[in-house]
>>> print(open('structure.txt').read())   # compact mmCIF, C-alpha atoms
# COMPACT_ATOMS: atom_id res chain seq x y z
CA MET I 22 -16.11 -21.02 31.24
CA ASN I 23 -18.15 -17.83 30.85
CA VAL I 24 -19.65 -18.07 27.36
CA THR I 25 -20.57 -14.39 27.31
CA LEU I 26 -17.01 -13.39 28.09
CA VAL I 27 -15.67 -15.66 25.35
CA ILE I 28 -18.08 -14.17 22.81
CA LYS I 29 -17.17 -10.60 23.80
CA THR I 30 -13.45 -11.41 23.60
CA ALA I 31 -13.93 -12.96 20.16
CA ILE I 32 -15.80 -9.87 18.97
CA VAL I 33 -13.04 -7.55 20.22
CA VAL I 34 -10.32 -9.67 18.59
CA ALA I 35 -12.25 -9.82 15.30
CA ALA I 36 -12.77 -6.04 15.34
CA ALA I 37 -9.07 -5.44 16.06
CA LEU I 38 -8.05 -7.76 13.23
CA GLY I 39 -10.53 -6.06 10.90
CA LEU I 40 -9.22 -2.59 11.74
CA GLY I 41 -5.65 -3.81 11.36
CA HIS I 42 -6.45 -5.21 7.92
CA ILE I 43 -8.07 -1.93 6.87
CA TYR I 44 -5.10 0.09 8.13
CA LEU I 45 -2.64 -2.22 6.34
CA SER I 46 -4.64 -1.92 3.12
CA TYR I 47 -4.58 1.89 3.32
CA TYR I 48 -0.84 1.83 4.12
CA ARG I 49 -0.04 -0.40 1.16
CA ARG I 50 -2.27 1.65 -1.14
CA ASP I 51 -0.70 4.96 -0.07
CA ARG I 52 2.84 3.54 -0.30
CA SER I 53 2.17 2.28 -3.81
CA ARG I 54 0.46 5.53 -4.78
CA THR I 55 3.40 7.71 -3.71
CA GLN I 56 6.09 5.45 -5.16
CA HIS I 57 6.36 7.03 -8.61
CA MET I 58 5.28 10.64 -8.13
CA LEU I 59 8.73 12.02 -9.00
CA ASP I 60 9.39 9.79 -12.00
CA GLY I 61 9.09 12.78 -14.35
CA PHE I 62 12.52 13.92 -13.13
CA LEU I 63 14.28 10.62 -13.81
CA PRO I 64 15.18 11.28 -17.49
CA LEU I 65 16.77 14.61 -16.47
CA LEU I 66 19.10 13.21 -13.80
CA GLY I 67 22.52 11.68 -14.14
CA TYR I 68 23.24 8.58 -12.03
CA PRO I 69 19.69 8.59 -10.55
CA GLN I 70 19.01 6.75 -7.32
CA VAL I 71 15.45 6.12 -6.18
CA GLY I 72 14.67 5.80 -2.49
CA ARG I 73 12.07 6.64 0.14
CA SER I 74 12.02 9.84 2.17
CA PRO I 75 11.20 10.11 5.90
CA TRP I 76 7.76 11.35 4.78
CA GLY I 77 6.99 8.12 2.94
CA TYR I 78 7.33 9.51 -0.56
CA GLU I 79 9.67 8.71 -3.41
CA ARG I 80 13.08 10.41 -3.09
CA LEU I 81 15.42 10.99 -6.02
CA GLN I 82 19.14 11.65 -5.85
CA GLY I 83 21.61 12.08 -8.67
CA THR I 84 23.14 14.92 -10.67
CA LEU I 85 21.53 17.77 -12.57
CA ASP I 86 23.84 19.49 -15.03
CA GLY I 87 26.80 18.13 -13.08
CA ASP I 88 25.68 19.24 -9.59
CA ARG I 89 24.50 16.76 -6.95
CA VAL I 90 20.77 17.05 -6.35
CA ARG I 91 18.14 15.62 -4.00
CA ILE I 92 14.45 15.87 -4.82
CA ASP I 93 11.72 15.31 -2.22
CA LEU I 94 8.00 15.67 -1.74
CA ILE I 95 7.04 17.02 1.68
CA PRO I 96 3.45 16.97 3.02
CA ASP I 97 2.74 19.97 5.21
CA SER I 98 -0.35 20.41 7.38
CA LEU I 99 0.95 22.96 9.90
CA ILE I 100 -1.50 25.61 8.70
CA THR I 101 -4.73 24.41 10.29
CA ARG I 102 -7.15 26.74 8.52
CA THR I 103 -6.40 25.53 5.02
CA LEU I 104 -5.90 22.24 3.20
CA PRO I 105 -2.56 20.44 3.60
CA THR I 106 0.04 21.34 0.98
CA LEU I 107 2.42 19.06 -0.86
CA TRP I 108 5.74 20.82 -1.45
CA LEU I 109 8.33 19.84 -4.03
CA GLU I 110 11.80 20.47 -2.59
CA VAL I 111 14.94 20.47 -4.74
CA CYS I 112 18.29 20.72 -2.94
CA LEU I 113 21.30 21.37 -5.14
CA SER I 114 24.89 20.96 -3.87
CA ARG I 115 25.97 24.42 -4.94
CA PRO I 116 27.38 26.25 -1.88
CA HIS I 117 27.32 30.04 -1.52
CA ASP I 118 29.32 32.34 0.72
CA ALA I 119 26.21 34.40 1.45
CA PHE I 120 22.86 33.46 2.95
CA LEU I 121 19.76 34.63 1.10
CA CYS I 122 16.14 33.56 1.54
CA VAL I 123 13.44 34.62 -0.93
CA ILE I 124 9.84 33.64 -0.24
CA THR I 125 6.43 34.40 -1.73
CA LEU I 126 3.29 34.81 0.39
CA CYS I 127 5.12 34.40 3.69
CA ASN I 128 2.90 33.42 6.64
CA GLY I 129 5.50 31.94 8.99
CA MET I 130 3.74 28.63 9.61
CA GLU I 131 5.02 26.30 6.90
CA TYR I 132 7.59 23.60 7.64
CA PHE I 133 10.43 25.86 6.45
CA ALA I 134 9.42 28.77 8.73
CA ASP I 135 12.74 28.71 10.64
CA GLU I 136 14.74 29.50 7.50
CA VAL I 137 12.35 32.31 6.59
CA ASP I 138 13.05 34.03 9.93
CA GLU I 139 16.85 34.03 9.55
CA GLY I 140 18.75 37.24 8.86
CA THR I 141 17.28 40.70 8.34
CA LEU I 142 14.66 41.92 5.91
CA LEU I 143 16.06 43.26 2.63
CA ASN I 144 14.55 45.57 0.04
CA THR I 145 13.37 43.50 -2.89
CA PRO I 146 13.78 44.55 -6.54
CA ASP I 147 11.06 46.88 -7.83
CA ARG I 148 10.03 44.44 -10.54
CA TRP I 149 9.18 41.70 -8.04
CA PRO I 150 5.59 41.30 -6.74
CA GLU I 151 4.74 42.89 -3.39
CA GLU I 152 4.12 39.50 -1.76
CA VAL I 153 7.79 38.52 -2.18
CA ARG I 154 10.10 38.90 0.83
CA ALA I 155 13.89 38.53 1.05
CA ARG I 156 16.18 38.12 4.04
CA GLY I 157 19.96 38.04 4.34
CA LYS I 158 22.79 38.22 6.85
CA SER I 159 25.57 40.32 5.32
CA PRO I 160 26.54 42.73 2.52
CA ALA I 161 27.27 39.61 0.46
CA SER I 162 23.57 38.76 0.76
CA LEU I 163 22.72 42.08 -0.89
CA ALA I 164 25.15 41.34 -3.71
CA LEU I 165 23.56 37.93 -4.19
CA LEU I 166 20.09 39.49 -4.24
CA ARG I 167 21.22 41.99 -6.89
CA SER I 168 22.61 39.17 -9.02
CA ILE I 169 19.19 37.47 -9.19
CA SER I 170 17.15 40.69 -9.34
CA GLY I 171 16.40 40.04 -13.02
CA LEU I 172 14.49 36.87 -12.13
CA ASP I 173 10.93 37.07 -13.48
CA ILE I 174 9.11 35.53 -10.52
CA ALA I 175 5.77 35.70 -12.34
CA ALA I 176 7.16 33.19 -14.85
CA TYR I 177 7.31 30.60 -12.05
CA PRO I 178 3.77 30.48 -10.61
CA HIS I 179 4.50 27.50 -8.32
CA LEU I 180 7.56 29.08 -6.70
CA LYS I 181 7.39 29.36 -2.91
CA LEU I 182 10.96 29.53 -1.61
CA LEU I 183 14.58 30.04 -2.66
CA VAL I 184 17.38 29.58 -0.14
CA PHE I 185 21.04 30.19 -0.95
CA SER I 186 23.42 29.06 1.81
CA GLU I 187 26.82 27.54 2.54
CA THR I 188 25.28 24.07 2.10
CA GLY I 189 23.75 24.74 -1.33
CA LEU I 190 20.68 25.97 -3.16
CA LYS I 191 17.17 24.98 -2.14
CA VAL I 192 14.10 25.51 -4.31
CA VAL I 193 10.61 24.80 -2.97
CA MET I 194 7.59 24.68 -5.27
CA ARG I 195 3.88 24.17 -4.51
CA ALA I 196 2.90 20.81 -5.95
CA ALA I 197 -0.69 20.30 -4.76
CA ARG I 198 -3.36 20.84 -2.15
CA GLY I 199 -4.79 17.96 -0.14
CA ASP I 200 -7.95 16.04 -0.91
CA VAL I 201 -10.91 17.91 0.61
CA SER I 202 -13.05 14.86 1.50
CA GLN I 203 -10.17 12.93 3.07
CA TYR I 204 -9.07 15.94 5.11
CA ARG I 205 -12.57 16.70 6.40
CA VAL I 206 -13.25 13.12 7.48
CA LEU I 207 -9.82 11.76 8.47
CA ARG I 208 -7.78 14.99 8.82
CA SER I 209 -5.35 13.18 6.54
CA ALA I 210 -2.89 14.81 4.14
CA THR I 211 -3.85 12.85 1.02
CA PHE I 212 -2.71 14.01 -2.42
CA ALA I 213 -3.47 12.97 -5.97
CA GLU I 214 -1.06 10.57 -7.67
CA ASP I 215 -0.50 13.07 -10.49
CA SER I 216 0.38 15.96 -8.18
CA VAL I 217 3.77 16.40 -9.86
CA LYS I 218 2.62 17.21 -13.36
CA PRO I 219 5.00 17.50 -16.35
CA GLU I 220 4.49 21.29 -16.33
CA LEU I 221 5.74 21.46 -12.72
CA VAL I 222 8.80 19.36 -13.57
CA ASP I 223 9.57 21.66 -16.51
CA GLU I 224 9.02 24.83 -14.46
CA THR I 225 11.23 23.61 -11.61
CA VAL I 226 14.15 22.54 -13.81
CA ARG I 227 13.84 25.72 -15.87
CA LEU I 228 14.08 27.82 -12.70
CA VAL I 229 17.08 25.90 -11.32
CA ARG I 230 18.94 26.21 -14.62
CA HIS I 231 18.14 29.92 -14.87
CA LEU I 232 19.57 30.51 -11.39
CA GLU I 233 22.68 28.48 -12.24
CA ARG I 234 23.31 30.47 -15.42
CA THR I 235 22.78 33.75 -13.59
CA LEU I 236 25.19 32.85 -10.81
CA ASP I 237 27.77 31.52 -13.27
CA ARG I 238 27.76 34.84 -15.13
CA GLY I 239 28.14 36.67 -11.83
CA GLU I 240 31.17 34.55 -10.89
CA GLU I 241 32.76 35.21 -14.28
CA ILE I 242 32.23 38.98 -13.98
CA ALA I 243 33.73 39.00 -10.49
>>> encode(input="structure.txt", output="structure tokens")
Amino acid sequence: MNVTLVIKTAIVVAAALGLGHIYLSYYRRDRSRTQHMLDGFLPLLGYPQVGRSPWGYERLQGTLDGDRVRIDLIPDSLITRTLPTLWLEVCLSRPHDAFLCVITLCNGMEYFADEVDEGTLLNTPDRWPEEVRARGKSPASLALLRSISGLDIAAYPHLKLLVFSETGLKVVMRAARGDVSQYRVLRSATFAEDSVKPELVDETVRLVRHLERTLDRGEEIA
């Protein structure tokens, strides 16, 4: 038996086992670290169910003020010239006859870029910041835009996207930027465990409830 070959094989096997152990340790650490990032929403939900999303983060489902809701964290590293972003996505089962997409600082490269390109560009309310864009598909979209024109977007500094559609209402908020050192070395989208701070939870729920109240008043007037 070739002793040199045996030694080399043993070294390769040991290295593979070592790398596998390191990878498993990182996987377990990251899975544990992302397991409770949305827990701040739990006291606000009715019939909460905790699961895991396709992105490996905690997923919450339940009801918010009587409407079915799903809450996710989505890591996004499509924009290569900046740090990865962790988005907080809230999907409410509140269908609308019209399609309307409102976005701040649109660059067309985030994970929701396809929705941002739907419909035609609409004139936004004068009180909204210049970096806000709105798109719709019909006269009903304009009516929907008018109904939320009183929204003070500056009061929601983490707001990135609002989408009203036949499937419901989607709200996307910026939760965090990635860790600089991890991204430079590993090109990994790593985020702090406290990325979803209590202030972000409060801001998100406040925005959703404001939109619900606004739309309810519009339905009553109609």
>>> residues_around(input="structure.txt", residues="region 109-113 of chain I", least_positions_apart="2", cutoff="7 Å", atoms="only C-alpha atoms", output="MDAnalysis selection string")
chainID I and resid 88:95 107 115 189:196
>>> closest_residue(input="structure.txt", among="I:Gly129, I:Ser162, I:Leu236, I:Val123", to="Trp149 (chain I)", atoms="all atoms listed in the file")
I:Val123
>>> atom_distance(input="structure.txt", atom1="CA of Tyr177 (chain I)", atom2="CA of Pro160 (chain I)")
27.0 Å
>>> residues_near_point(input="structure.txt", point="(23.6, 10.1, -5.2)", cutoff="9 Å", atoms="all atoms listed in the file", output="PDB file with C-alpha atoms, in the coordinates of the input")
ATOM      1  CA  TYR I  68      23.240   8.580 -12.030  1.00  0.00           C
ATOM      2  CA  PRO I  69      19.690   8.590 -10.550  1.00  0.00           C
ATOM      3  CA  GLN I  70      19.010   6.750  -7.320  1.00  0.00           C
ATOM      4  CA  LEU I  81      15.420  10.990  -6.020  1.00  0.00           C
ATOM      5  CA  GLN I  82      19.140  11.650  -5.850  1.00  0.00           C
ATOM      6  CA  GLY I  83      21.610  12.080  -8.670  1.00  0.00           C
ATOM      7  CA  THR I  84      23.140  14.920 -10.670  1.00  0.00           C
ATOM      8  CA  ARG I  89      24.500  16.760  -6.950  1.00  0.00           C
ATOM      9  CA  VAL I  90      20.770  17.050  -6.350  1.00  0.00           C
ATOM     10  CA  ARG I  91      18.140  15.620  -4.000  1.00  0.00           C
TER      11      ARG I  91
END
>>> closest_residue(input="structure.txt", among="I:Lys218, I:His117, I:Arg148, I:Arg80", to="Leu172 (chain I)", atoms="only C-alpha atoms")
I:Arg148
>>> closest_residue(input="structure.txt", among="I:Val222, I:Gly171, I:Ser114, I:Ile124", to="Ala155 (chain I)", atoms="all atoms listed in the file")
I:Ile124
>>> atom_distance(input="structure.txt", atom1="CA of Met130 (chain I)", atom2="CA of Asp97 (chain I)")
9.8 Å
>>> residues_near_point(input="structure.txt", point="(17.4, 23.6, -12.2)", cutoff="9 Å", atoms="only C-alpha atoms", output="PyMOL selection string")
chain I and resi 85-86+111+113+192+224-233
>>> axis_aligned_box(input="structure.txt", around="region 78-89 of chain I", padding_each_side="5 Å", output="JSON")
{"center_x": 17.1, "center_y": 14.1, "center_z": -7.8, "size_x": 29.5, "size_y": 20.8, "size_z": 24.5}
>>> atom_distance(input="structure.txt", atom1="CA of Pro150 (chain I)", atom2="CA of Pro116 (chain I)")
26.9 Å
>>> residues_around(input="structure.txt", residues="Leu121 (chain I)", least_positions_apart="3", cutoff="9 Å", atoms="all atoms listed in the file", output="PDB file with C-alpha atoms, in the frame of the given file")
ATOM      1  CA  GLU I 139      16.850  34.030   9.550  1.00  0.00           C
ATOM      2  CA  GLY I 140      18.750  37.240   8.860  1.00  0.00           C
ATOM      3  CA  ALA I 155      13.890  38.530   1.050  1.00  0.00           C
ATOM      4  CA  ARG I 156      16.180  38.120   4.040  1.00  0.00           C
ATOM      5  CA  GLY I 157      19.960  38.040   4.340  1.00  0.00           C
ATOM      6  CA  LYS I 158      22.790  38.220   6.850  1.00  0.00           C
ATOM      7  CA  SER I 162      23.570  38.760   0.760  1.00  0.00           C
ATOM      8  CA  LEU I 163      22.720  42.080  -0.890  1.00  0.00           C
ATOM      9  CA  LEU I 165      23.560  37.930  -4.190  1.00  0.00           C
ATOM     10  CA  LEU I 166      20.090  39.490  -4.240  1.00  0.00           C
ATOM     11  CA  LEU I 183      14.580  30.040  -2.660  1.00  0.00           C
ATOM     12  CA  VAL I 184      17.380  29.580  -0.140  1.00  0.00           C
ATOM     13  CA  PHE I 185      21.040  30.190  -0.950  1.00  0.00           C
ATOM     14  CA  SER I 186      23.420  29.060   1.810  1.00  0.00           C
TER      15      SER I 186
END
